[in-house]
file final_8.txt (compact mmCIF, C-alpha atoms)
# COMPACT_ATOMS: atom_id res chain seq x y z
CA MET A 1 105.79 219.61 108.64
CA ARG A 2 104.70 218.46 112.11
CA ASN A 3 103.61 215.02 110.90
CA GLU A 4 106.82 214.50 108.91
CA PHE A 5 108.88 215.64 111.90
CA SER A 6 107.05 213.09 114.13
CA ARG A 7 107.61 210.29 111.62
CA GLU A 8 111.33 210.94 111.30
CA ILE A 9 111.89 211.10 115.05
CA GLY A 10 109.73 208.00 115.48
CA LYS A 11 111.89 206.05 113.03
CA GLU A 12 115.08 206.98 114.87
CA ILE A 13 113.65 206.06 118.28
CA SER A 14 112.45 202.72 116.90
CA LYS A 15 115.96 201.96 115.65
CA VAL A 16 117.56 202.74 119.01
CA THR A 17 114.95 201.05 121.26
CA LYS A 18 113.99 198.26 118.83
CA LYS A 19 110.37 199.02 119.71
CA VAL A 20 107.43 199.53 117.38
CA VAL A 21 105.72 202.93 117.57
CA ASP A 22 102.09 202.72 118.71
CA TYR A 23 100.44 206.00 117.72
CA LYS A 24 97.01 205.08 119.13
CA ARG A 25 97.99 203.83 122.60
CA PRO A 26 101.53 204.94 123.40
CA GLU A 27 103.06 204.23 126.80
CA ILE A 28 105.39 207.22 126.52
CA VAL A 29 104.92 210.34 124.41
CA ILE A 30 108.05 212.34 123.55
CA LEU A 31 107.42 216.05 123.03
CA VAL A 32 110.17 217.86 121.15
CA ASN A 33 110.53 221.59 120.61
CA PRO A 34 112.65 221.85 117.41
CA PHE A 35 113.45 225.51 118.01
CA SER A 36 114.64 225.34 121.62
CA GLY A 37 115.80 221.73 121.52
CA GLN A 38 113.82 220.94 124.68
CA VAL A 39 112.57 217.36 125.09
CA HIS A 40 109.74 216.42 127.47
CA LEU A 41 108.61 212.90 128.32
CA GLN A 42 104.91 212.31 128.94
CA VAL A 43 104.58 208.97 130.73
CA ASN A 44 101.06 207.62 130.36
CA SER A 45 99.30 205.73 133.14
CA LEU A 46 99.57 201.98 133.67
CA LEU A 47 96.22 200.27 134.26
CA ILE A 48 95.81 196.93 136.03
CA ALA A 49 92.36 195.39 136.53
CA GLY A 50 91.02 192.49 138.53
CA ARG A 51 88.44 191.64 141.18
CA TYR A 52 88.55 192.22 144.92
CA ARG A 53 86.77 190.58 147.83
CA LYS A 54 86.32 192.49 151.08
CA LEU A 55 86.21 189.91 153.84
CA VAL A 56 85.53 192.15 156.86
CA ARG A 57 83.25 195.02 157.75
CA GLY A 58 84.41 198.50 158.63
CA ILE A 59 86.72 199.17 155.67
CA PRO A 60 85.72 201.76 153.04
CA GLN A 61 86.50 201.23 149.38
CA SER A 62 88.25 204.59 148.99
CA LYS A 63 90.61 206.49 151.25
CA TRP A 64 88.35 208.61 153.45
CA LEU A 65 89.90 211.94 154.42
CA CYS A 66 89.00 213.54 157.74
CA ALA A 67 86.26 216.13 157.17
CA GLU A 68 87.78 218.36 159.83
CA CYS A 69 91.35 218.72 158.54
CA ARG A 70 91.04 217.35 154.97
CA GLY A 71 94.05 215.09 155.36
CA ASN A 72 96.37 217.39 157.27
CA GLY A 73 95.96 215.65 160.62
CA CYS A 74 94.04 216.82 163.69
CA SER A 75 92.75 215.66 167.07
CA ARG A 76 89.61 214.20 165.53
CA CYS A 77 91.56 211.76 163.34
CA ASN A 78 94.49 211.31 165.77
CA GLY A 79 96.83 213.04 163.33
CA THR A 80 96.29 210.50 160.53
CA GLY A 81 94.28 212.77 158.25
CA LYS A 82 91.85 209.88 157.71
CA LEU A 83 88.58 208.77 159.30
CA TYR A 84 89.47 205.10 158.71
CA PRO A 85 93.00 203.70 159.09
CA GLU A 86 92.86 201.71 155.83
CA SER A 87 90.77 201.20 152.73
CA VAL A 88 90.47 198.78 149.81
CA GLU A 89 92.12 201.43 147.64
CA GLU A 90 95.17 201.65 149.92
CA LEU A 91 95.49 197.91 150.56
CA ILE A 92 95.65 197.28 146.80
CA GLY A 93 97.16 200.56 145.62
CA GLU A 94 100.18 200.89 147.92
CA PRO A 95 101.85 197.57 146.89
CA THR A 96 101.05 198.42 143.25
CA LEU A 97 102.69 201.83 143.62
CA GLU A 98 105.79 200.21 145.14
CA VAL A 99 106.40 197.74 142.30
CA THR A 100 105.62 200.22 139.51
CA GLU A 101 107.55 203.07 141.16
CA GLY A 102 104.86 205.51 140.10
CA GLU A 103 103.90 208.88 141.59
CA THR A 104 100.28 208.30 142.62
CA ILE A 105 97.45 205.85 142.04
CA ALA A 106 93.76 206.22 141.23
CA PHE A 107 91.27 203.50 142.11
CA HIS A 108 88.28 202.70 139.88
CA GLY A 109 85.55 200.28 140.98
CA ALA A 110 82.36 198.93 139.41
CA GLY A 111 80.27 200.60 142.09
CA ARG A 112 81.01 200.32 145.81
CA GLU A 113 79.66 198.54 148.86
CA ASP A 114 78.85 200.23 152.18
CA ILE A 115 81.62 200.43 154.76
CA ASP A 116 79.79 197.95 157.02
CA ALA A 117 79.09 195.49 154.16
CA ARG A 118 81.33 192.67 152.95
CA MET A 119 82.05 192.00 149.26
CA LEU A 120 82.06 188.21 148.79
CA GLY A 121 81.59 185.75 145.93
CA GLN A 122 83.84 186.32 142.91
CA GLY A 123 84.48 189.87 144.03
CA ARG A 124 83.91 193.34 142.59
CA PRO A 125 85.63 194.39 139.34
CA PHE A 126 88.20 197.17 139.79
CA ALA A 127 91.11 198.86 138.08
CA VAL A 128 94.08 200.54 139.73
CA GLU A 129 95.73 203.30 137.70
CA THR A 130 99.40 204.09 138.36
CA LYS A 131 100.35 207.57 137.19
CA LYS A 132 103.84 208.15 135.74
CA PRO A 133 105.16 204.62 136.44
CA LYS A 134 108.87 203.96 136.06
CA ARG A 135 108.31 200.21 135.70
CA ARG A 136 105.59 198.83 133.44
CA PHE A 137 106.65 195.21 133.09
CA ILE A 138 105.75 193.68 136.44
CA ASP A 139 104.83 190.18 137.57
CA LEU A 140 101.09 190.26 138.23
CA ASN A 141 101.13 186.91 140.03
CA SER A 142 103.75 188.26 142.43
CA LEU A 143 101.72 191.45 142.95
CA THR A 144 98.62 189.36 143.70
CA GLN A 145 100.51 187.36 146.32
CA THR A 146 101.94 190.52 147.91
CA VAL A 147 98.56 192.23 148.21
CA ASN A 148 96.84 189.11 149.54
CA LYS A 149 99.59 188.50 152.07
CA ARG A 150 99.60 192.07 153.41
CA ALA A 151 95.81 192.33 153.48
CA LYS A 152 95.25 188.77 154.70
CA GLY A 153 91.83 188.33 156.25
CA LYS A 154 90.73 191.77 155.05
CA VAL A 155 90.96 192.08 151.26
CA GLU A 156 91.76 189.51 148.59
CA ILE A 157 92.36 190.14 144.87
CA SER A 158 92.36 187.84 141.83
CA ASN A 159 92.50 187.74 138.04
CA LEU A 160 94.90 190.68 137.58
CA GLN A 161 95.51 191.75 133.99
CA PHE A 162 96.91 194.74 132.10
CA VAL A 163 94.10 196.78 130.54
CA THR A 164 93.40 200.05 128.71
CA LYS A 165 91.18 203.04 129.47
CA ASP A 166 88.39 201.23 127.64
CA THR A 167 88.19 198.90 130.65
CA VAL A 168 87.85 201.84 133.05
CA ARG A 169 84.98 203.18 130.95
CA ALA A 170 83.39 199.71 131.07
CA LEU A 171 83.78 199.69 134.86
CA LYS A 172 81.87 202.95 135.11
CA ARG A 173 79.08 201.48 133.01
CA ALA A 174 79.12 198.39 135.26
CA GLU A 175 78.14 200.49 138.30
CA GLY A 176 74.57 199.67 137.30
CA ALA A 177 75.27 195.94 136.89
CA GLN A 178 72.99 193.42 138.55
CA LYS A 179 73.80 192.64 142.19
CA LEU A 180 73.07 189.73 144.51
CA TYR A 181 72.77 190.66 148.18
CA LYS A 182 72.28 188.81 151.44
CA VAL A 183 70.89 190.73 154.39
CA THR A 184 69.88 189.76 157.92
CA VAL A 185 66.74 191.61 159.07
CA GLU A 186 65.33 192.05 162.56
CA PHE A 187 61.70 193.01 163.15
CA GLY A 188 60.09 194.92 165.98
CA LYS A 189 57.84 191.92 166.65
CA SER A 190 57.42 188.33 165.50
CA VAL A 191 56.13 187.75 161.95
CA ARG A 192 54.13 184.72 160.78
CA LYS A 193 55.60 182.38 158.16
CA GLN A 194 52.71 183.04 155.79
CA LYS A 195 53.50 186.76 155.79
CA LEU A 196 57.15 185.99 154.97
CA SER A 197 56.06 183.94 151.94
CA GLU A 198 53.94 186.88 150.82
CA LEU A 199 56.96 189.16 151.27
CA ALA A 200 59.09 187.07 148.90
CA GLU A 201 56.30 186.95 146.32
CA THR A 202 55.65 190.68 146.51
CA LEU A 203 59.29 191.65 146.03
CA THR A 204 60.00 189.15 143.20
CA ASN A 205 59.71 190.88 139.80
CA ALA A 206 58.91 194.13 141.62
CA VAL A 207 59.62 197.73 140.64
CA ILE A 208 60.88 199.77 143.58
CA HIS A 209 60.44 203.54 143.68
CA GLN A 210 63.29 204.92 145.71
CA LYS A 211 63.81 208.55 146.58
CA THR A 212 67.46 209.34 147.29
CA PRO A 213 68.12 208.04 150.83
CA ARG A 214 68.57 210.68 153.52
CA ARG A 215 72.02 209.31 154.40
CA VAL A 216 73.41 210.12 150.93
CA LEU A 217 71.53 213.35 150.21
CA HIS A 218 74.71 215.32 150.86
CA ARG A 219 76.35 213.78 147.77
CA ARG A 220 73.49 212.69 145.48
CA ALA A 221 70.65 214.59 143.79
CA ASN A 222 67.27 214.29 145.47
CA LEU A 223 65.50 212.22 142.80
CA VAL A 224 63.08 209.29 142.64
CA ARG A 225 64.66 206.30 140.89
CA GLU A 226 62.98 203.12 139.68
CA LYS A 227 64.90 199.91 140.40
CA TYR A 228 63.94 196.34 139.56
CA ILE A 229 64.12 193.26 141.79
CA TYR A 230 64.42 190.04 139.80
CA LYS A 231 64.04 187.63 142.70
CA ALA A 232 63.73 187.72 146.47
CA LYS A 233 64.18 184.77 148.82
CA VAL A 234 63.30 184.74 152.52
CA LYS A 235 64.61 182.36 155.18
CA ARG A 236 63.18 182.50 158.72
CA LEU A 237 65.87 182.48 161.43
CA LYS A 238 63.72 183.39 164.45
CA PRO A 239 60.14 184.61 164.90
CA ASP A 240 61.48 188.18 164.66
CA LYS A 241 64.50 187.65 162.39
CA ILE A 242 65.00 186.60 158.74
CA GLU A 243 67.72 186.27 156.13
CA MET A 244 66.96 187.62 152.66
CA GLN A 245 68.68 187.12 149.30
CA ILE A 246 67.89 189.86 146.80
CA HIS A 247 68.86 189.70 143.11
CA CYS A 248 68.31 193.20 141.81
CA GLN A 249 69.27 195.97 139.43
CA GLY A 250 72.37 197.89 140.44
CA GLY A 251 71.83 201.12 142.32
CA LEU A 252 69.11 199.83 144.65
CA TYR A 253 69.79 200.83 148.26
CA ILE A 254 69.17 197.63 150.23
CA LYS A 255 69.10 199.14 153.73
CA GLU A 256 66.35 201.53 152.69
CA LEU A 257 64.51 198.70 150.94
CA ILE A 258 64.32 197.10 154.39
CA THR A 259 63.42 200.13 156.52
CA GLY A 260 61.41 202.16 154.00
CA ASP A 261 63.44 205.26 154.94
CA GLU A 262 60.33 207.02 156.31
CA GLY A 263 58.37 206.39 153.11
CA ARG A 264 61.13 207.40 150.70
CA THR A 265 61.40 203.79 149.43
CA THR A 266 58.21 201.99 148.38
CA PRO A 267 57.35 199.19 148.55
CA SER A 268 59.67 198.20 151.38
CA VAL A 269 59.93 195.24 153.73
CA ALA A 270 58.62 197.35 156.62
CA GLU A 271 55.70 198.60 154.53
CA ILE A 272 54.71 195.18 153.17
CA LEU A 273 54.77 193.54 156.62
CA ASN A 274 53.53 196.63 158.46
CA VAL A 275 56.25 196.20 161.07
CA GLU A 276 59.46 197.97 162.01
CA ALA A 277 62.37 196.35 160.11
CA LYS A 278 66.08 196.86 160.74
CA PRO A 279 68.99 195.55 158.60
CA LEU A 280 71.65 193.95 160.81
CA GLU A 281 74.28 192.59 158.40
CA LEU A 282 74.62 193.16 154.67
CA ASP A 283 76.80 191.24 152.21
CA VAL A 284 77.25 191.58 148.45
CA LEU A 285 77.38 188.03 147.09
CA ASN A 286 77.93 188.83 143.43
CA VAL A 287 78.38 191.66 140.92
CA ILE A 288 77.03 190.44 137.60
CA THR A 289 78.51 192.21 134.56
CA THR A 290 78.01 191.46 130.88
CA LYS A 291 80.46 189.16 129.08
CA GLU A 292 81.93 192.14 127.24
CA GLU A 293 82.62 194.00 130.49
CA ALA A 294 83.55 191.01 132.66
CA ILE A 295 86.91 191.09 134.40
call {"tool": "encode", "arguments": {"input": "final_8.txt", "output": "structure tokens"}}
result
Amino acid sequence: MRNEFSREIGKEISKVTKKVVDYKRPEIVILVNPFSGQVHLQVNSLLIAGRYRKLVRGIPQSKWLCAECRGNGCSRCNGTGKLYPESVEELIGEPTLEVTEGETIAFHGAGREDIDARMLGQGRPFAVETKKPKRRFIDLNSLTQTVNKRAKGKVEISNLQFVTKDTVRALKRAEGAQKLYKVTVEFGKSVRKQKLSELAETLTNAVIHQKTPRRVLHRRANLVREKYIYKAKVKRLKPDKIEMQIHCQGGLYIKELITGDEGRTTPSVAEILNVEAKPLELDVLNVITTKEEAI
């Protein structure tokens, strides 16, 4: 009876709206109680994906609530409820929420960069999910221009497209995608050129054993993970300073690869050179996904 009831109602709605019923991926689900006559509309989320570039340091990917007041506002956060005034999520999500007239947004990224790192190159794949949108047919080119204008010099988006939840699942799998990093490193003393050549050779095609860094122990299990470095390049800037490019497996903590994190990451730059090493500036140059998952 239920299936026949759904079919008959579906036929009538199709006649009125001149729309074809999509039972697998509906935009709106109409729930009807035949006994009470009550009708409820379930508006499914609208998903838009693309890539973002973060052009400055000091902006987190997600909205970061104040740990003291949990978003209510206090003296620590100057009444904003946030530790940082803006985020990639807000810079992209707020204009999206305006044009779709939805209730809230959820931001999904293929991994995340540190707050003090830039995301350059082609950008990081992301999807912004608008919940209960009133408008689904929006101009993505116009939205791109709006976001890029408001976030000029901070965040830039490209290649927007309408997607399904399959893309969000692919984004989660892409958290472990290959990454290309650039990092400036300062040593506690000068290092000979020959030792720098040995450093690049040692880290190319290397397996890194990395115990969860101390700085993220509060949110990640204390495990030892094996991560692979495909290639490492070293450029000498000063006797005590270098620039490195590291093409590696996703999930490798680059700052700890430099410092060694008191022996929690091995081998590390500090361990190989037997010198104190400090990362100064970190940039993500590329997030390399498979063709099937590319956005």
call {"tool": "closest_residue", "arguments": {"input": "final_8.txt", "among": "A:Lys238, A:Arg135, A:Arg219, A:Lys182", "to": "Arg118 in chain A", "atoms": "only C-alpha atoms"}}
result
A:Lys182
call {"tool": "closest_residue", "arguments": {"input": "final_8.txt", "among": "A:Gly73, A:Lys189, A:Lys165, A:Arg112", "to": "Tyr253 in chain A", "atoms": "only C-alpha atoms"}}
result
A:Arg112
call {"tool": "closest_residue", "arguments": {"input": "final_8.txt", "among": "A:Gly102, A:Gly111, A:Gly121, A:Gly79", "to": "Lys134 in chain A", "atoms": "all atoms listed in the file"}}
result
A:Gly102
call {"tool": "residues_near_point", "arguments": {"input": "final_8.txt", "point": "(108.3, 215.7, 118.7)", "cutoff": "9 Å", "atoms": "all atoms listed in the file", "output": "PyMOL selection string"}}
result
chain A and resi 2+5-7+9-10+29-34+39-40
call {"tool": "residues_around", "arguments": {"input": "final_8.txt", "residues": "range 145-152 of chain A", "least_positions_apart": "4", "cutoff": "7 Å", "atoms": "all atoms listed in the file", "output": "PDB file with C-alpha atoms, in the frame of the given file"}}
result
ATOM      1  CA  LEU A  91      95.490 197.910 150.560  1.00  0.00           C
ATOM      2  CA  ILE A  92      95.650 197.280 146.800  1.00  0.00           C
ATOM      3  CA  PRO A  95     101.850 197.570 146.890  1.00  0.00           C
ATOM      4  CA  ASN A 141     101.130 186.910 140.030  1.00  0.00           C
ATOM      5  CA  GLU A 156      91.760 189.510 148.590  1.00  0.00           C
ATOM      6  CA  ILE A 157      92.360 190.140 144.870  1.00  0.00           C
TER       7      ILE A 157
END
call {"tool": "atom_distance", "arguments": {"input": "final_8.txt", "atom1": "CA of Pro133 in chain A", "atom2": "CA of Ile28 in chain A"}}
result
10.3 Å
call {"tool": "closest_atom_pairs", "arguments": {"input": "final_8.txt", "of": "range 104-137 of chain A", "to": "range 270-286 of chain A", "cutoff": "10 Å", "atoms": "all atoms listed in the file", "output": "Markdown table"}}
result
| residue | atom | partner | partner_atom | distance |
| --- | --- | --- | --- | --- |
| A:Arg112 | CA | A:Val284 | CA | 9.9 |
| A:Glu113 | CA | A:Val284 | CA | 7.4 |
| A:Asp114 | CA | A:Leu282 | CA | 8.6 |
| A:Asp116 | CA | A:Leu282 | CA | 7.4 |
| A:Ala117 | CA | A:Leu282 | CA | 5.1 |
| A:Arg118 | CA | A:Asp283 | CA | 4.8 |
| A:Met119 | CA | A:Val284 | CA | 4.9 |
| A:Leu120 | CA | A:Leu285 | CA | 5.0 |
| A:Gly121 | CA | A:Leu285 | CA | 4.9 |
| A:Gln122 | CA | A:Asn286 | CA | 6.4 |
| A:Gly123 | CA | A:Asn286 | CA | 6.7 |
| A:Arg124 | CA | A:Asn286 | CA | 7.5 |
call {"tool": "residues_around", "arguments": {"input": "final_8.txt", "residues": "Lys131 in chain A", "least_positions_apart": "3", "cutoff": "6 Å", "atoms": "only C-alpha atoms", "output": "list in words"}}
result
Ser45, Gly102, Glu103, Thr104 and Ile105 of chain A
call {"tool": "write_last_selection", "arguments": {"input": "final_8.txt", "atoms": "C-alpha atoms", "output": "mmCIF file, in the frame of the given file"}}
result
data_model
loop_
_atom_site.group_PDB
_atom_site.id
_atom_site.type_symbol
_atom_site.label_atom_id
_atom_site.label_comp_id
_atom_site.auth_asym_id
_atom_site.auth_seq_id
_atom_site.Cartn_x
_atom_site.Cartn_y
_atom_site.Cartn_z
ATOM 1 C CA SER A 45 99.300 205.730 133.140
ATOM 2 C CA GLY A 102 104.860 205.510 140.100
ATOM 3 C CA GLU A 103 103.900 208.880 141.590
ATOM 4 C CA THR A 104 100.280 208.300 142.620
ATOM 5 C CA ILE A 105 97.450 205.850 142.040
#
call {"tool": "closest_residue", "arguments": {"input": "final_8.txt", "among": "A:Thr80, A:Asn222, A:Thr259, A:Ser197", "to": "Val185 in chain A", "atoms": "only C-alpha atoms"}}
result
A:Thr259
call {"tool": "atom_distance", "arguments": {"input": "final_8.txt", "atom1": "CA of Ala177 in chain A", "atom2": "CA of Cys248 in chain A"}}
result
9.0 Å
call {"tool": "atom_distance", "arguments": {"input": "final_8.txt", "atom1": "CA of Lys233 in chain A", "atom2": "CA of Glu256 in chain A"}}
result
17.3 Å
call {"tool": "closest_residue", "arguments": {"input": "final_8.txt", "among": "A:Leu97, A:Lys154, A:Asp240, A:Thr202", "to": "Glu186 in chain A", "atoms": "all atoms listed in the file"}}
result
A:Asp240
call {"tool": "decode", "arguments": {"input": "final_8.txt", "residues": "range 71-107 of chain A", "atoms": "N, CA and C atoms", "output": "tab-separated table (two decimals), in the first residue's frame"}}
result
chain	number	residue	atom	x	y	z
A	71	GLY	N	31.73	29.84	22.13
A	71	GLY	CA	30.95	30.59	21.16
A	71	GLY	C	29.99	31.60	21.72
A	72	ASN	N	29.87	31.67	23.04
A	72	ASN	CA	28.92	32.60	23.65
A	72	ASN	C	29.45	34.01	23.78
A	73	GLY	N	30.77	34.16	23.73
A	73	GLY	CA	31.37	35.49	23.88
A	73	GLY	C	31.88	35.73	25.29
A	74	CYS	N	33.15	36.11	25.41
A	74	CYS	CA	33.74	36.38	26.72
A	74	CYS	C	34.89	37.35	26.57
A	75	SER	N	35.56	37.67	27.67
A	75	SER	CA	36.67	38.62	27.62
A	75	SER	C	37.86	38.07	26.83
A	76	ARG	N	38.04	36.76	26.87
A	76	ARG	CA	39.18	36.16	26.18
A	76	ARG	C	39.07	36.35	24.66
A	77	CYS	N	37.87	36.25	24.13
A	77	CYS	CA	37.67	36.37	22.67
A	77	CYS	C	37.06	37.71	22.28
A	78	ASN	N	37.07	38.67	23.22
A	78	ASN	CA	36.50	40.01	22.97
A	78	ASN	C	35.03	39.95	22.54
A	79	GLY	N	34.30	38.99	23.09
A	79	GLY	CA	32.88	38.89	22.83
A	79	GLY	C	32.49	38.27	21.50
A	80	THR	N	33.49	37.83	20.71
A	80	THR	CA	33.18	37.27	19.38
A	80	THR	C	32.77	35.81	19.43
A	81	GLY	N	33.18	35.11	20.48
A	81	GLY	CA	32.92	33.68	20.56
A	81	GLY	C	33.91	32.85	19.76
A	82	LYS	N	34.89	33.54	19.11
A	82	LYS	CA	35.85	32.84	18.26
A	82	LYS	C	37.28	33.23	18.63
A	83	LEU	N	38.20	32.28	18.42
A	83	LEU	CA	39.61	32.59	18.66
A	83	LEU	C	40.23	33.34	17.49
A	84	TYR	N	39.67	33.13	16.29
A	84	TYR	CA	40.15	33.82	15.09
A	84	TYR	C	38.97	34.53	14.44
A	85	PRO	N	39.15	35.76	13.99
A	85	PRO	CA	38.02	36.54	13.46
A	85	PRO	C	37.37	35.95	12.22
A	86	GLU	N	38.14	35.20	11.42
A	86	GLU	CA	37.58	34.62	10.18
A	86	GLU	C	38.27	33.30	9.88
A	87	SER	N	37.66	32.54	8.99
A	87	SER	CA	38.18	31.24	8.60
A	87	SER	C	37.85	31.00	7.12
A	88	VAL	N	38.50	30.01	6.54
A	88	VAL	CA	38.19	29.63	5.15
A	88	VAL	C	36.73	29.22	5.05
A	89	GLU	N	36.26	28.48	6.03
A	89	GLU	CA	34.87	28.04	6.06
A	89	GLU	C	33.90	29.22	6.00
A	90	GLU	N	34.16	30.26	6.78
A	90	GLU	CA	33.26	31.40	6.82
A	90	GLU	C	33.37	32.26	5.56
A	91	LEU	N	34.60	32.45	5.07
A	91	LEU	CA	34.80	33.29	3.89
A	91	LEU	C	34.11	32.70	2.65
A	92	ILE	N	34.03	31.37	2.60
A	92	ILE	CA	33.35	30.70	1.48
A	92	ILE	C	31.88	30.44	1.82
A	93	GLY	N	31.63	30.03	3.05
A	93	GLY	CA	30.29	29.59	3.43
A	93	GLY	C	29.26	30.69	3.56
A	94	GLU	N	29.65	31.86	4.08
A	94	GLU	CA	28.67	32.92	4.30
A	94	GLU	C	28.07	33.45	2.99
A	95	PRO	N	28.86	33.74	1.95
A	95	PRO	CA	28.25	34.14	0.67
A	95	PRO	C	27.38	33.03	0.07
A	96	THR	N	27.80	31.77	0.26
A	96	THR	CA	27.02	30.65	-0.25
A	96	THR	C	25.67	30.56	0.46
A	97	LEU	N	25.68	30.78	1.77
A	97	LEU	CA	24.45	30.74	2.55
A	97	LEU	C	23.50	31.86	2.12
A	98	GLU	N	24.05	33.01	1.80
A	98	GLU	CA	23.24	34.15	1.37
A	98	GLU	C	22.49	33.86	0.07
A	99	VAL	N	23.19	33.32	-0.92
A	99	VAL	CA	22.56	33.12	-2.24
A	99	VAL	C	21.63	31.92	-2.25
A	100	THR	N	21.88	30.93	-1.38
A	100	THR	CA	21.01	29.75	-1.35
A	100	THR	C	19.86	29.91	-0.36
A	101	GLU	N	19.98	30.92	0.51
A	101	GLU	CA	18.97	31.17	1.54
A	101	GLU	C	18.72	29.93	2.40
A	102	GLY	N	19.82	29.26	2.75
A	102	GLY	CA	19.71	28.07	3.59
A	102	GLY	C	19.74	28.41	5.06
A	103	GLU	N	19.71	27.37	5.91
A	103	GLU	CA	19.73	27.58	7.36
A	103	GLU	C	21.14	27.61	7.91
A	104	THR	N	21.95	26.61	7.55
A	104	THR	CA	23.34	26.53	8.01
A	104	THR	C	24.18	25.90	6.91
A	105	ILE	N	25.50	25.97	7.10
A	105	ILE	CA	26.39	25.30	6.14
A	105	ILE	C	27.34	24.38	6.90
A	106	ALA	N	27.83	23.38	6.19
A	106	ALA	CA	28.89	22.50	6.71
A	106	ALA	C	30.01	22.50	5.68
A	107	PHE	N	31.23	22.57	6.15
A	107	PHE	CA	32.39	22.67	5.26
A	107	PHE	C	33.16	21.36	5.30
